[in-house]
Amino acid sequence: MAPPAAVAAAEKKKTFVLYPSLGVGHLNPMVELAKHLLRRGHSAIVAVVDPPDGDPTSAAAVARLAEANPSIAFRLLPAPASPDPAAHPIKRAHDTLRLANPVLRGFLRALPAPADAILLDMFCVDALDVAAELALPAYFFFASAASDFAIFLNMPYLYPGLPSFKDMGDTLVHSPGMRSVRAVDMPLSVQDKELDMTKTRMYQFKRIAEGRGVLVNSFDWLEPTALKALADGVCVPGRPTPRVFCVGPLANDGKKSGSGETRHECLAWLDAQPEQSVVFLCFGSIGAVSAAQLKEIAHGLESSGHRFLWVVRSPPADPADVFQPRSEPDLDALLPEGFMERTRDRGMVLKMWAPQAEVLRHAATGAFVTHCGWNSTLEAVTAGVPMICYPMYAEQALNKVFMVEEMKIAVPLEGYEKRMVKAEEIEAKVRLAMETEEGRKLRETLATARKMASDAVGDGGSSEVAFAEFLRDLEKSSMENGGCNN
């Protein structure tokens with residue numbers, strides 16, 4: 001929601017450079033932040049690192065987002081590839097972002113007018129060096145849960161005194177001020193202390209504290225425990241915790257921004273379904289669902305008797321590489337024989353993609369089976385749709401913990417821990433969400449969450465107040481630097 005005219009007028013127009021990490025999952029939240037800045041009368045430039053070995057999907061996403069958001073300036077920054085093509089993708093991405101520093105520096109210096117601040121993705125920590133050299137205020141934008149952020153900030157200090165998480169199993173890990181989390185639920189990228197990807201993450205998490213502050217894509221009502229821990233300064237021992245500005249939820253509102261766009265066929269199908277009668281299944285652009293798991297999902301949906309809208313993607317050739325491009329799925333080969341025919345009167349199966357935000361905000365959608373990515377979670381919260389959690393891989397298991405145990409906005413599919421959710425559990429959880437008293441209470445919780453999310457970004461809401469505090473902090477920074485950023 002746009003701020004009151006008086007507030008917008010009182011804010012001096014600023015120019016922000018937004019610097020996402022590699023991949024669509026990091027680009028989309030930055031675009032939502034850019035849209036929020038534009039609504040407040042500021043200018044936004046999204047600078048996207050473009051290495052020669054970049055993902056074609058990301059390049060296509062930049063083009064699509066630029067076309068849909070003509071008021072946002074997108075700039076591709078050509079950067080060298082990682083010098084170690086055999087390294088883990090996390091290490092390669094970090095190397096690429098580090099090697100992009102000279103290009104970023106040149107880009108910032110060449111701007112017609114100096115930027116007022118740079119907003120960094122959580123993994124773009126080496127850009128802090130460029131910002132310091134140019135005396136440019138640098139803030140981080142943490143696009144995931146505040147609960148994750150509190151744990152990540154503390155991890156470089158906590159982890160040296162522990163075994164590798166992979167060796168701790170169900171042992172609880174205690175982070176200051178936070179709910180204890182099983183070691184097995186920590187992200188895959190930090191499970192083994194000896195691996196380069198874990199060392200990379202520890203380096204990144206530790207450097208985040210060097211930023212002037214952190215904008216977090218969440219809101220006060222949803223995560224009070226994490227925000228208290230961050231405000232109390234218990235997450236970073238021996239130095240001040242960076243100031244946190246909880247400015248969310250910044251999520252796709254499902255509204256078309258481009259002209260002449262055609263309405264997706266699934267929305268017309270939803271128009272014909274009763275209110276809150278459809279289970280929507282969509283596991284994100286990199287969801288690694290095996291062929292065997294697809295069949296279990298199909299059997300569970302069929303047995304549940306409920307209407308469904310299901311986005312099916314081809315299983316990856318290498319289950320360990322969830323980022324690889326995927327071809328269009330062969331539904332006849334992947335799904336049980338006769339499934340499409342038997343469920344044609346109550347189900348719709350789409351290949352590869354659906355307009356997720358629009359589907360979630362449709363009146364016919366009654367539940368959402370999600371991979372627990374934070375963008376998807378916020379889209380469901382702002383639509384008031386109950387969630388069934390199926391983390392596609394260990395990076396999202398931490399979100400599942402807080403969504404189920406802390407926020408109580410979802411129910412879990414437990415079989416994911418064994419890398420296979422059986423049809424019987426899928427049927428049971430669909431029925432729970434759609435038929436039972438527990439499901440009714442879950443819907444009530446999500447209806448409350450939706451209202452609180454709307455209030456947070458409304459006039460005088462907690463997130464609007466936090467954003468105004470961020471701008472005041474930036475003004476203070478500018479005065480400290482003598483009003484000159486480069």
# chains A, B, ... in the order shown; residues from 1 in each chain; ligands from 1

$ residues_around --residues "region 170-172 of chain A" --least-positions-apart "2" --cutoff "7 Å" --atoms "only C-alpha atoms" --output "count of residues only"
7

$ residues_around --residues "region 241-253 of chain A" --least-positions-apart "4" --cutoff "6 Å" --atoms "only C-alpha atoms" --output "list in words"
Glu32, Ala209, Gly213, Val214, Leu215, Val216, Asn217, Ser218, Phe219, Gly233, Val236, Glu379, Ser463, Ala466 and Phe467 of chain A

$ closest_residue --among "A:Ser462, A:Asn481, A:Thr377, A:Gln293" --to "Ala423 (chain A)" --atoms "only C-alpha atoms"
A:Gln293

$ select_by_dssp --residues "region 164-263 of chain A" --states "strand (DSSP E)" --output "VMD selection string"
chain A and resid 172 to 173 181 to 182 213 to 216 243 to 246

$ write_last_selection --atoms "all heavy atoms" --output "mmCIF file, in the first residue's frame"
data_model
loop_
_atom_site.group_PDB
_atom_site.id
_atom_site.type_symbol
_atom_site.label_atom_id
_atom_site.label_comp_id
_atom_site.auth_asym_id
_atom_site.auth_seq_id
_atom_site.Cartn_x
_atom_site.Cartn_y
_atom_site.Cartn_z
ATOM 1 N N LEU A 172 19.242 -30.799 19.528
ATOM 2 C CA LEU A 172 18.783 -29.419 19.410
ATOM 3 C C LEU A 172 19.961 -28.453 19.441
ATOM 4 O O LEU A 172 20.881 -28.602 20.248
ATOM 5 C CB LEU A 172 17.816 -29.083 20.536
ATOM 6 C CG LEU A 172 16.463 -29.798 20.508
ATOM 7 C CD1 LEU A 172 15.633 -29.421 21.736
ATOM 8 C CD2 LEU A 172 15.694 -29.459 19.236
ATOM 9 N N VAL A 173 19.903 -27.484 18.561
ATOM 10 C CA VAL A 173 20.908 -26.413 18.507
ATOM 11 C C VAL A 173 20.273 -25.168 19.113
ATOM 12 O O VAL A 173 19.191 -24.742 18.705
ATOM 13 C CB VAL A 173 21.352 -26.137 17.058
ATOM 14 C CG1 VAL A 173 22.359 -24.998 17.016
ATOM 15 C CG2 VAL A 173 21.936 -27.396 16.434
ATOM 16 N N VAL A 181 16.466 -25.520 17.478
ATOM 17 C CA VAL A 181 16.219 -26.161 16.191
ATOM 18 C C VAL A 181 17.072 -27.424 16.096
ATOM 19 O O VAL A 181 18.245 -27.419 16.487
ATOM 20 C CB VAL A 181 16.571 -25.203 15.023
ATOM 21 C CG1 VAL A 181 16.407 -25.903 13.679
ATOM 22 C CG2 VAL A 181 15.700 -23.953 15.083
ATOM 23 N N ARG A 182 16.497 -28.500 15.577
ATOM 24 C CA ARG A 182 17.281 -29.721 15.381
ATOM 25 C C ARG A 182 18.404 -29.476 14.378
ATOM 26 O O ARG A 182 18.219 -28.762 13.392
ATOM 27 C CB ARG A 182 16.393 -30.849 14.869
ATOM 28 C CG ARG A 182 15.299 -31.312 15.803
ATOM 29 C CD ARG A 182 14.541 -32.481 15.190
ATOM 30 N NE ARG A 182 14.111 -32.199 13.822
ATOM 31 C CZ ARG A 182 13.677 -33.124 12.956
ATOM 32 N NH1 ARG A 182 13.636 -34.391 13.320
ATOM 33 N NH2 ARG A 182 13.305 -32.773 11.745
ATOM 34 N N GLY A 213 22.792 -1.521 8.305
ATOM 35 C CA GLY A 213 21.525 -2.035 8.812
ATOM 36 C C GLY A 213 21.013 -3.104 7.873
ATOM 37 O O GLY A 213 21.601 -3.374 6.822
ATOM 38 N N VAL A 214 19.890 -3.714 8.273
ATOM 39 C CA VAL A 214 19.318 -4.808 7.487
ATOM 40 C C VAL A 214 17.814 -4.609 7.355
ATOM 41 O O VAL A 214 17.105 -4.476 8.366
ATOM 42 C CB VAL A 214 19.601 -6.183 8.140
ATOM 43 C CG1 VAL A 214 19.031 -7.306 7.274
ATOM 44 C CG2 VAL A 214 21.090 -6.373 8.363
ATOM 45 N N LEU A 215 17.337 -4.577 6.115
ATOM 46 C CA LEU A 215 15.905 -4.585 5.847
ATOM 47 C C LEU A 215 15.475 -6.049 5.739
ATOM 48 O O LEU A 215 16.051 -6.809 4.955
ATOM 49 C CB LEU A 215 15.577 -3.843 4.554
ATOM 50 C CG LEU A 215 15.575 -2.314 4.589
ATOM 51 C CD1 LEU A 215 16.984 -1.759 4.763
ATOM 52 C CD2 LEU A 215 14.950 -1.749 3.312
ATOM 53 N N VAL A 216 14.491 -6.450 6.534
ATOM 54 C CA VAL A 216 14.045 -7.832 6.561
ATOM 55 C C VAL A 216 12.631 -7.908 5.997
ATOM 56 O O VAL A 216 11.758 -7.102 6.351
ATOM 57 C CB VAL A 216 14.076 -8.404 7.997
ATOM 58 C CG1 VAL A 216 13.536 -9.822 8.026
ATOM 59 C CG2 VAL A 216 15.503 -8.382 8.533
ATOM 60 N N ARG A 243 21.304 -2.818 12.963
ATOM 61 C CA ARG A 243 19.920 -2.390 13.164
ATOM 62 C C ARG A 243 19.022 -3.066 12.128
ATOM 63 O O ARG A 243 19.353 -3.116 10.934
ATOM 64 C CB ARG A 243 19.816 -0.875 13.049
ATOM 65 C CG ARG A 243 18.466 -0.354 13.497
ATOM 66 C CD ARG A 243 18.419 1.139 13.572
ATOM 67 N NE ARG A 243 17.105 1.590 14.013
ATOM 68 C CZ ARG A 243 16.702 2.855 14.000
ATOM 69 N NH1 ARG A 243 17.547 3.795 13.595
ATOM 70 N NH2 ARG A 243 15.492 3.186 14.402
ATOM 71 N N VAL A 244 17.902 -3.581 12.589
ATOM 72 C CA VAL A 244 16.983 -4.322 11.724
ATOM 73 C C VAL A 244 15.727 -3.495 11.480
ATOM 74 O O VAL A 244 15.116 -2.971 12.417
ATOM 75 C CB VAL A 244 16.617 -5.679 12.354
ATOM 76 C CG1 VAL A 244 15.508 -6.367 11.559
ATOM 77 C CG2 VAL A 244 17.851 -6.577 12.424
ATOM 78 N N PHE A 245 15.356 -3.392 10.208
ATOM 79 C CA PHE A 245 14.138 -2.691 9.811
ATOM 80 C C PHE A 245 13.201 -3.717 9.164
ATOM 81 O O PHE A 245 13.468 -4.192 8.062
ATOM 82 C CB PHE A 245 14.455 -1.565 8.824
ATOM 83 C CG PHE A 245 15.495 -0.601 9.317
ATOM 84 C CD1 PHE A 245 16.833 -0.771 8.979
ATOM 85 C CD2 PHE A 245 15.145 0.466 10.125
ATOM 86 C CE1 PHE A 245 17.802 0.111 9.430
ATOM 87 C CE2 PHE A 245 16.118 1.358 10.588
ATOM 88 C CZ PHE A 245 17.440 1.181 10.231
ATOM 89 N N CYS A 246 12.139 -4.071 9.862
ATOM 90 C CA CYS A 246 11.213 -5.099 9.377
ATOM 91 C C CYS A 246 10.191 -4.424 8.467
ATOM 92 O O CYS A 246 9.237 -3.790 8.936
ATOM 93 C CB CYS A 246 10.529 -5.755 10.585
ATOM 94 S SG CYS A 246 10.276 -7.504 10.403
#

$ select_by_dssp --residues "region 26-232 of chain A" --states "helix (DSSP H, G or I)" --output "ChimeraX atom specification"
/A:26-39,56-68,89-99,101-110,127-133,146-161,165-167,183-185,188-190,196-208,224-232

$ write_last_selection --atoms "C-alpha atoms" --output "CSV table (one decimal), in the first residue's frame"
chain,number,residue,atom,x,y,z
A,26,HIS,CA,17.3,-13.7,-5.3
A,27,LEU,CA,16.2,-11.4,-8.1
A,28,ASN,CA,12.4,-11.5,-7.5
A,29,PRO,CA,12.5,-10.2,-3.9
A,30,MET,CA,14.8,-7.4,-5.0
A,31,VAL,CA,12.2,-6.4,-7.6
A,32,GLU,CA,9.5,-6.3,-5.0
A,33,LEU,CA,11.7,-4.0,-2.9
A,34,ALA,CA,12.3,-1.8,-5.9
A,35,LYS,CA,8.5,-1.6,-6.5
A,36,HIS,CA,8.1,-0.5,-2.8
A,37,LEU,CA,10.7,2.2,-3.3
A,38,LEU,CA,9.0,3.4,-6.4
A,39,ARG,CA,5.6,3.6,-4.6
A,56,PRO,CA,19.7,-18.8,-19.0
A,57,THR,CA,16.6,-18.9,-16.8
A,58,SER,CA,18.0,-15.9,-14.9
A,59,ALA,CA,18.6,-14.0,-18.1
A,60,ALA,CA,15.1,-14.6,-19.2
A,61,ALA,CA,13.7,-13.5,-15.8
A,62,VAL,CA,15.6,-10.2,-16.1
A,63,ALA,CA,14.1,-9.6,-19.5
A,64,ARG,CA,10.6,-10.5,-18.3
A,65,LEU,CA,10.8,-8.4,-15.1
A,66,ALA,CA,12.2,-5.4,-17.0
A,67,GLU,CA,9.3,-5.5,-19.5
A,68,ALA,CA,6.8,-5.8,-16.7
A,89,PRO,CA,27.9,-23.9,-6.8
A,90,ILE,CA,27.8,-21.9,-3.6
A,91,LYS,CA,31.6,-21.4,-3.7
A,92,ARG,CA,31.4,-20.6,-7.5
A,93,ALA,CA,28.7,-18.0,-6.9
A,94,HIS,CA,30.6,-16.4,-4.1
A,95,ASP,CA,33.8,-16.2,-6.3
A,96,THR,CA,31.8,-14.6,-9.2
A,97,LEU,CA,30.3,-12.0,-6.9
A,98,ARG,CA,33.7,-11.2,-5.4
A,99,LEU,CA,35.2,-10.9,-8.9
A,101,ASN,CA,33.6,-5.9,-7.5
A,102,PRO,CA,35.6,-3.9,-10.1
A,103,VAL,CA,32.6,-3.9,-12.5
A,104,LEU,CA,30.3,-2.8,-9.7
A,105,ARG,CA,32.7,0.0,-8.7
A,106,GLY,CA,32.9,1.2,-12.3
A,107,PHE,CA,29.1,1.1,-12.6
A,108,LEU,CA,28.5,3.1,-9.4
A,109,ARG,CA,31.1,5.7,-10.4
A,110,ALA,CA,29.6,6.1,-13.8
A,127,ALA,CA,30.3,-5.5,-2.2
A,128,LEU,CA,30.7,-3.9,1.2
A,129,ASP,CA,34.3,-3.2,0.2
A,130,VAL,CA,33.2,-1.2,-2.8
A,131,ALA,CA,30.6,0.7,-0.8
A,132,ALA,CA,33.3,1.6,1.8
A,133,GLU,CA,35.7,2.8,-0.9
A,146,ALA,CA,13.7,-12.9,10.4
A,147,SER,CA,14.0,-16.1,12.4
A,148,ASP,CA,16.5,-17.4,9.8
A,149,PHE,CA,18.4,-14.2,10.0
A,150,ALA,CA,18.8,-14.3,13.8
A,151,ILE,CA,20.1,-17.9,13.6
A,152,PHE,CA,22.5,-17.1,10.7
A,153,LEU,CA,23.9,-14.0,12.4
A,154,ASN,CA,24.8,-16.1,15.4
A,155,MET,CA,26.0,-19.2,13.6
A,156,PRO,CA,29.7,-18.1,12.9
A,157,TYR,CA,30.1,-17.7,16.7
A,158,LEU,CA,28.1,-20.8,17.8
A,159,TYR,CA,29.3,-23.4,15.2
A,160,PRO,CA,33.0,-23.5,16.1
A,161,GLY,CA,32.1,-25.1,19.4
A,165,PHE,CA,25.4,-30.6,12.1
A,166,LYS,CA,25.4,-33.7,9.9
A,167,ASP,CA,26.8,-35.6,12.9
A,183,ALA,CA,20.7,-30.0,13.7
A,184,VAL,CA,19.1,-31.9,10.9
A,185,ASP,CA,16.8,-29.0,10.1
A,188,LEU,CA,22.2,-28.3,3.8
A,189,SER,CA,24.8,-25.6,2.9
A,190,VAL,CA,26.1,-25.6,6.6
A,196,ASP,CA,34.0,-25.1,1.3
A,197,MET,CA,30.3,-24.3,1.0
A,198,THR,CA,29.9,-24.2,4.8
A,199,LYS,CA,33.1,-22.0,5.2
A,200,THR,CA,31.7,-19.7,2.5
A,201,ARG,CA,28.4,-19.4,4.3
A,202,MET,CA,30.1,-18.6,7.7
A,203,TYR,CA,32.1,-15.9,6.0
A,204,GLN,CA,29.0,-14.4,4.5
A,205,PHE,CA,26.9,-14.6,7.7
A,206,LYS,CA,29.7,-12.9,9.7
A,207,ARG,CA,30.2,-10.0,7.3
A,208,ILE,CA,26.5,-9.2,7.2
A,224,PRO,CA,8.1,-11.5,17.5
A,225,THR,CA,10.6,-13.9,19.0
A,226,ALA,CA,13.2,-13.3,16.3
A,227,LEU,CA,12.7,-9.6,16.3
A,228,LYS,CA,13.1,-9.4,20.1
A,229,ALA,CA,16.4,-11.4,19.9
A,230,LEU,CA,17.7,-9.1,17.2
A,231,ALA,CA,16.6,-6.0,19.1
A,232,ASP,CA,18.2,-7.2,22.3

$ closest_residue --among "A:Leu77, A:Met340, A:Asp332, A:Lys295" --to "Met420 (chain A)" --atoms "only C-alpha atoms"
A:Lys295

$ residues_around --residues "region 273-279 of chain A" --least-positions-apart "2" --cutoff "12 Å" --atoms "only C-alpha atoms" --output "ChimeraX atom specification"
/A:266-271,281-282,300-302,304-311,345-349,359-370,383-388,426-427,429-435,439-440,443

$ closest_residue --among "A:Ala81, A:Tyr416, A:Pro70, A:Asp116" --to "Leu471 (chain A)" --atoms "only C-alpha atoms"
A:Asp116

$ residues_around --residues "Leu76 (chain A)" --least-positions-apart "3" --cutoff "9 Å" --atoms "only C-alpha atoms" --output "PyMOL selection string"
chain A and resi 46-50+62

$ closest_residue --among "A:Ser175, A:Pro52, A:Pro114, A:Phe141" --to "Pro85 (chain A)" --atoms "only C-alpha atoms"
A:Pro52

$ atom_distance --atom1 "CA of Asn375 (chain A)" --atom2 "CA of Asn399 (chain A)"
11.1 Å

$ decode --residues "region 462-480 of chain A" --atoms "N, CA, C and O atoms" --output "PDB file, in the first residue's frame"
ATOM      1  N   SER A 462       3.381  -1.102  11.335  1.00  0.00           N
ATOM      2  CA  SER A 462       4.729  -1.322  11.859  1.00  0.00           C
ATOM      3  C   SER A 462       5.787  -1.318  10.767  1.00  0.00           C
ATOM      4  O   SER A 462       6.899  -0.790  10.966  1.00  0.00           O
ATOM      5  N   SER A 463       5.471  -1.881   9.612  1.00  0.00           N
ATOM      6  CA  SER A 463       6.469  -1.935   8.540  1.00  0.00           C
ATOM      7  C   SER A 463       6.653  -0.574   7.877  1.00  0.00           C
ATOM      8  O   SER A 463       7.765  -0.232   7.440  1.00  0.00           O
ATOM      9  N   GLU A 464       5.583   0.216   7.800  1.00  0.00           N
ATOM     10  CA  GLU A 464       5.720   1.577   7.269  1.00  0.00           C
ATOM     11  C   GLU A 464       6.553   2.440   8.221  1.00  0.00           C
ATOM     12  O   GLU A 464       7.396   3.234   7.800  1.00  0.00           O
ATOM     13  N   VAL A 465       6.331   2.264   9.518  1.00  0.00           N
ATOM     14  CA  VAL A 465       7.124   2.998  10.504  1.00  0.00           C
ATOM     15  C   VAL A 465       8.597   2.587  10.403  1.00  0.00           C
ATOM     16  O   VAL A 465       9.496   3.433  10.444  1.00  0.00           O
ATOM     17  N   ALA A 466       8.829   1.274  10.249  1.00  0.00           N
ATOM     18  CA  ALA A 466      10.215   0.794  10.133  1.00  0.00           C
ATOM     19  C   ALA A 466      10.893   1.344   8.887  1.00  0.00           C
ATOM     20  O   ALA A 466      12.087   1.688   8.915  1.00  0.00           O
ATOM     21  N   PHE A 467      10.145   1.433   7.788  1.00  0.00           N
ATOM     22  CA  PHE A 467      10.742   1.965   6.562  1.00  0.00           C
ATOM     23  C   PHE A 467      11.092   3.443   6.727  1.00  0.00           C
ATOM     24  O   PHE A 467      12.150   3.899   6.271  1.00  0.00           O
ATOM     25  N   ALA A 468      10.236   4.177   7.403  1.00  0.00           N
ATOM     26  CA  ALA A 468      10.542   5.589   7.661  1.00  0.00           C
ATOM     27  C   ALA A 468      11.777   5.716   8.549  1.00  0.00           C
ATOM     28  O   ALA A 468      12.607   6.618   8.359  1.00  0.00           O
ATOM     29  N   GLU A 469      11.927   4.802   9.509  1.00  0.00           N
ATOM     30  CA  GLU A 469      13.117   4.812  10.372  1.00  0.00           C
ATOM     31  C   GLU A 469      14.374   4.503   9.558  1.00  0.00           C
ATOM     32  O   GLU A 469      15.437   5.091   9.798  1.00  0.00           O
ATOM     33  N   PHE A 470      14.238   3.593   8.592  1.00  0.00           N
ATOM     34  CA  PHE A 470      15.368   3.303   7.702  1.00  0.00           C
ATOM     35  C   PHE A 470      15.797   4.553   6.939  1.00  0.00           C
ATOM     36  O   PHE A 470      16.990   4.865   6.842  1.00  0.00           O
ATOM     37  N   LEU A 471      14.836   5.300   6.419  1.00  0.00           N
ATOM     38  CA  LEU A 471      15.167   6.505   5.665  1.00  0.00           C
ATOM     39  C   LEU A 471      15.820   7.554   6.566  1.00  0.00           C
ATOM     40  O   LEU A 471      16.744   8.270   6.143  1.00  0.00           O
ATOM     41  N   ARG A 472      15.348   7.645   7.813  1.00  0.00           N
ATOM     42  CA  ARG A 472      15.982   8.589   8.739  1.00  0.00           C
ATOM     43  C   ARG A 472      17.414   8.160   9.057  1.00  0.00           C
ATOM     44  O   ARG A 472      18.315   9.003   9.168  1.00  0.00           O
ATOM     45  N   ASP A 473      17.621   6.861   9.182  1.00  0.00           N
ATOM     46  CA  ASP A 473      18.969   6.368   9.423  1.00  0.00           C
ATOM     47  C   ASP A 473      19.876   6.672   8.235  1.00  0.00           C
ATOM     48  O   ASP A 473      21.051   7.023   8.407  1.00  0.00           O
ATOM     49  N   LEU A 474      19.323   6.566   7.030  1.00  0.00           N
ATOM     50  CA  LEU A 474      20.100   6.885   5.837  1.00  0.00           C
ATOM     51  C   LEU A 474      20.452   8.376   5.797  1.00  0.00           C
ATOM     52  O   LEU A 474      21.576   8.750   5.429  1.00  0.00           O
ATOM     53  N   GLU A 475      19.499   9.223   6.183  1.00  0.00           N
ATOM     54  CA  GLU A 475      19.783  10.657   6.249  1.00  0.00           C
ATOM     55  C   GLU A 475      20.911  10.932   7.241  1.00  0.00           C
ATOM     56  O   GLU A 475      21.815  11.742   6.983  1.00  0.00           O
ATOM     57  N   LYS A 476      20.855  10.252   8.377  1.00  0.00           N
ATOM     58  CA  LYS A 476      21.912  10.415   9.380  1.00  0.00           C
ATOM     59  C   LYS A 476      23.258   9.995   8.823  1.00  0.00           C
ATOM     60  O   LYS A 476      24.279  10.656   9.033  1.00  0.00           O
ATOM     61  N   SER A 477      23.260   8.885   8.064  1.00  0.00           N
ATOM     62  CA  SER A 477      24.492   8.403   7.442  1.00  0.00           C
ATOM     63  C   SER A 477      25.040   9.433   6.464  1.00  0.00           C
ATOM     64  O   SER A 477      26.241   9.690   6.412  1.00  0.00           O
ATOM     65  N   SER A 478      24.147  10.024   5.680  1.00  0.00           N
ATOM     66  CA  SER A 478      24.578  11.025   4.698  1.00  0.00           C
ATOM     67  C   SER A 478      25.209  12.242   5.390  1.00  0.00           C
ATOM     68  O   SER A 478      26.231  12.764   4.938  1.00  0.00           O
ATOM     69  N   MET A 479      24.625  12.631   6.513  1.00  0.00           N
ATOM     70  CA  MET A 479      25.179  13.770   7.253  1.00  0.00           C
ATOM     71  C   MET A 479      26.543  13.414   7.848  1.00  0.00           C
ATOM     72  O   MET A 479      27.476  14.226   7.866  1.00  0.00           O
ATOM     73  N   GLU A 480      26.675  12.170   8.302  1.00  0.00           N
ATOM     74  CA  GLU A 480      27.964  11.734   8.852  1.00  0.00           C
ATOM     75  C   GLU A 480      29.057  11.737   7.790  1.00  0.00           C
ATOM     76  O   GLU A 480      30.223  11.985   8.075  1.00  0.00           O
TER      77      GLU A 480
END
